[in-house]
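Some notes on the structure that comes next.
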Amino acid sequence: MKEPTLGNPQNTIAILQKYQFTFQKKFGQNFLIDTHVLDKIIRSAKITREDTVLEIGPGIGTMTQYLACAAGKVIAVEVDRALIPILEDTLEGYENVRIINKDILKIDIRELVERENEGRPIKVVANLPYYITTPIIMGLFENHVPMKSITVMVQKEVAGRMQAAPGTKDYGALSLAVQYYARPYIVANVPPNCFIPRPNVGSAVIRLERYEESPVSVKDEKLLFQIIRASFNQRRKTLANGLKNSVDLKFTKEEIETAVEKLGKGSGIRGEALTLEEFARLSNYFH
């Protein structure tokens, strides 16, 4: 296996110039140029030769080279057709990498894992475009893709929201959704100068360790998330009013008021003060 050659500014710029690559704003492309960050991602993802890794958005193959050296197999899904010739160049000699030129949001990832890894759990590693971070992560969880963990580079603010606790300003529907499925842990903060081109915001690497079983027991997962979304749609409103205003929930005013009362937190409680366990209790009561 070849040693990684990318990960520093000179080699990255040389490859981009060789292929006269033009960054596509619509794909949110920012390529990592810091070998220390790359090493930290691989270590925190705990990649071994036993692992099959799904990399979302490999770009020019910088992190893919590092993953290939650590993992048994790497499946790299890249949406930008212009990057495929570059990937074929930079990943030449890395026999355990498979490149797929498709949109990750349009792939049946469960079927892909079944085919590529015989249904065994994979590990997901990615430097995600910020504008589709949440759809990708929630898609992986909600479709119950067999996986051990997700280790991703995301916007620093989004990483903070995933890890946020009740009662804080960052706490919301994303915090609860992620924490229902996984244990979040922020690995590192990454400044803009670690990328080409530089993003306008700071980034963070976050590791989401998938629970084998959720820490709460719910009778209807879909209903739980409808209640959570309704509770945060209008943050200034009380929990009861948020639920009453939801178009997805068909409960009467009396049913909602009784359910909120049973939480024992008072009628003026807001959604942002409730724990995941309390949302589960509320959902199970309505069910």
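Convention: chains lettered A, B, ... in structure tokens order; per-chain residue numbering from 1; ligands numbered from 1 as shown.
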
Using DSSP on the backbone coordinates, identify all residues within range 26-129 of chain A classified as strand (DSSP E or B); present the result as an MDAnalysis selection string.
chainID A and resid 31:32 52:56 73:77 97:100 122:127

With only C-alpha atoms as the counted atoms, please give the residues lying no more than 8 Å from range 226-231 of chain A, apart from itself and same-chain residues fewer than 3 positions off, as an MDAnalysis selection string.
chainID A and resid 173 176 222:223 234:235 239 242:243 245:246 248:249 270:272 279 283

Could you state the separation of CA of Arg236 in chain A and CA of Val260 in chain A in Å, given to one decimal place?
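Value for the CA of Arg236 in chain A-CA of Val260 in chain A distance: 16.6 Å.
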
Just how far from CA of Ser214 in chain A is CA of Gly266 in chain A, in Å to one decimal?
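Calculated distance between CA of Gly266 in chain A and CA of Ser214 in chain A is 27.2 Å.
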
Contact check, range 198-251 of chain A to range 121-129 of chain A, at most 10 Å, counting only C-alpha atoms, closest pairs as a Markdown table:
```
| residue | atom | partner | partner_atom | distance |
| --- | --- | --- | --- | --- |
| A:Ser203 | CA | A:Asn127 | CA | 9.8 |
| A:Ala204 | CA | A:Asn127 | CA | 9.9 |
| A:Val205 | CA | A:Asn127 | CA | 8.6 |
| A:Arg207 | CA | A:Val125 | CA | 9.1 |
| A:Leu208 | CA | A:Val124 | CA | 9.6 |
| A:Glu209 | CA | A:Lys123 | CA | 9.8 |
| A:Arg210 | CA | A:Lys123 | CA | 9.8 |
```

Rank A:Ile75, A:Ile196, A:Leu224, A:Ile150 by their smallest atom-to-atom distance to Asn11 in chain A, using only C-alpha atoms, and report the top residue only.
A:Ile196

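Between CA of Val178 in chain A and CA of Gln163 in chain A the interatomic distance comes to 8.2 Å.
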
Alpha helix (DSSP H) residues, from DSSP on the backbone, in range 112-170 of chain A, as a list in words:
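Of range 112-170 of chain A, only Leu112, Val113, Glu114, Arg115, Glu116, Asn117, Thr133, Thr134, Pro135, Ile136, Ile137, Met138, Gly139, Leu140, Phe141, Glu142, Lys156, Glu157, Val158, Ala159, Gly160, Arg161, Met162 and Gln163 of chain A fall in alpha helix (DSSP H).
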
Which of A:Thr134, A:Thr238, A:Thr52, A:Thr12 sits closest to Phe195 in chain A [using only C-alpha atoms]
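For Phe195 in chain A, the nearest of the candidates is A:Thr12.
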
Show which residues sit within 9 Å of Arg281 in chain A, as a VMD selection string. Count only C-alpha atoms, and ignore same-chain residues fewer than 2 positions away.
chain A and resid 216 to 218 263 276 to 279 283 to 286
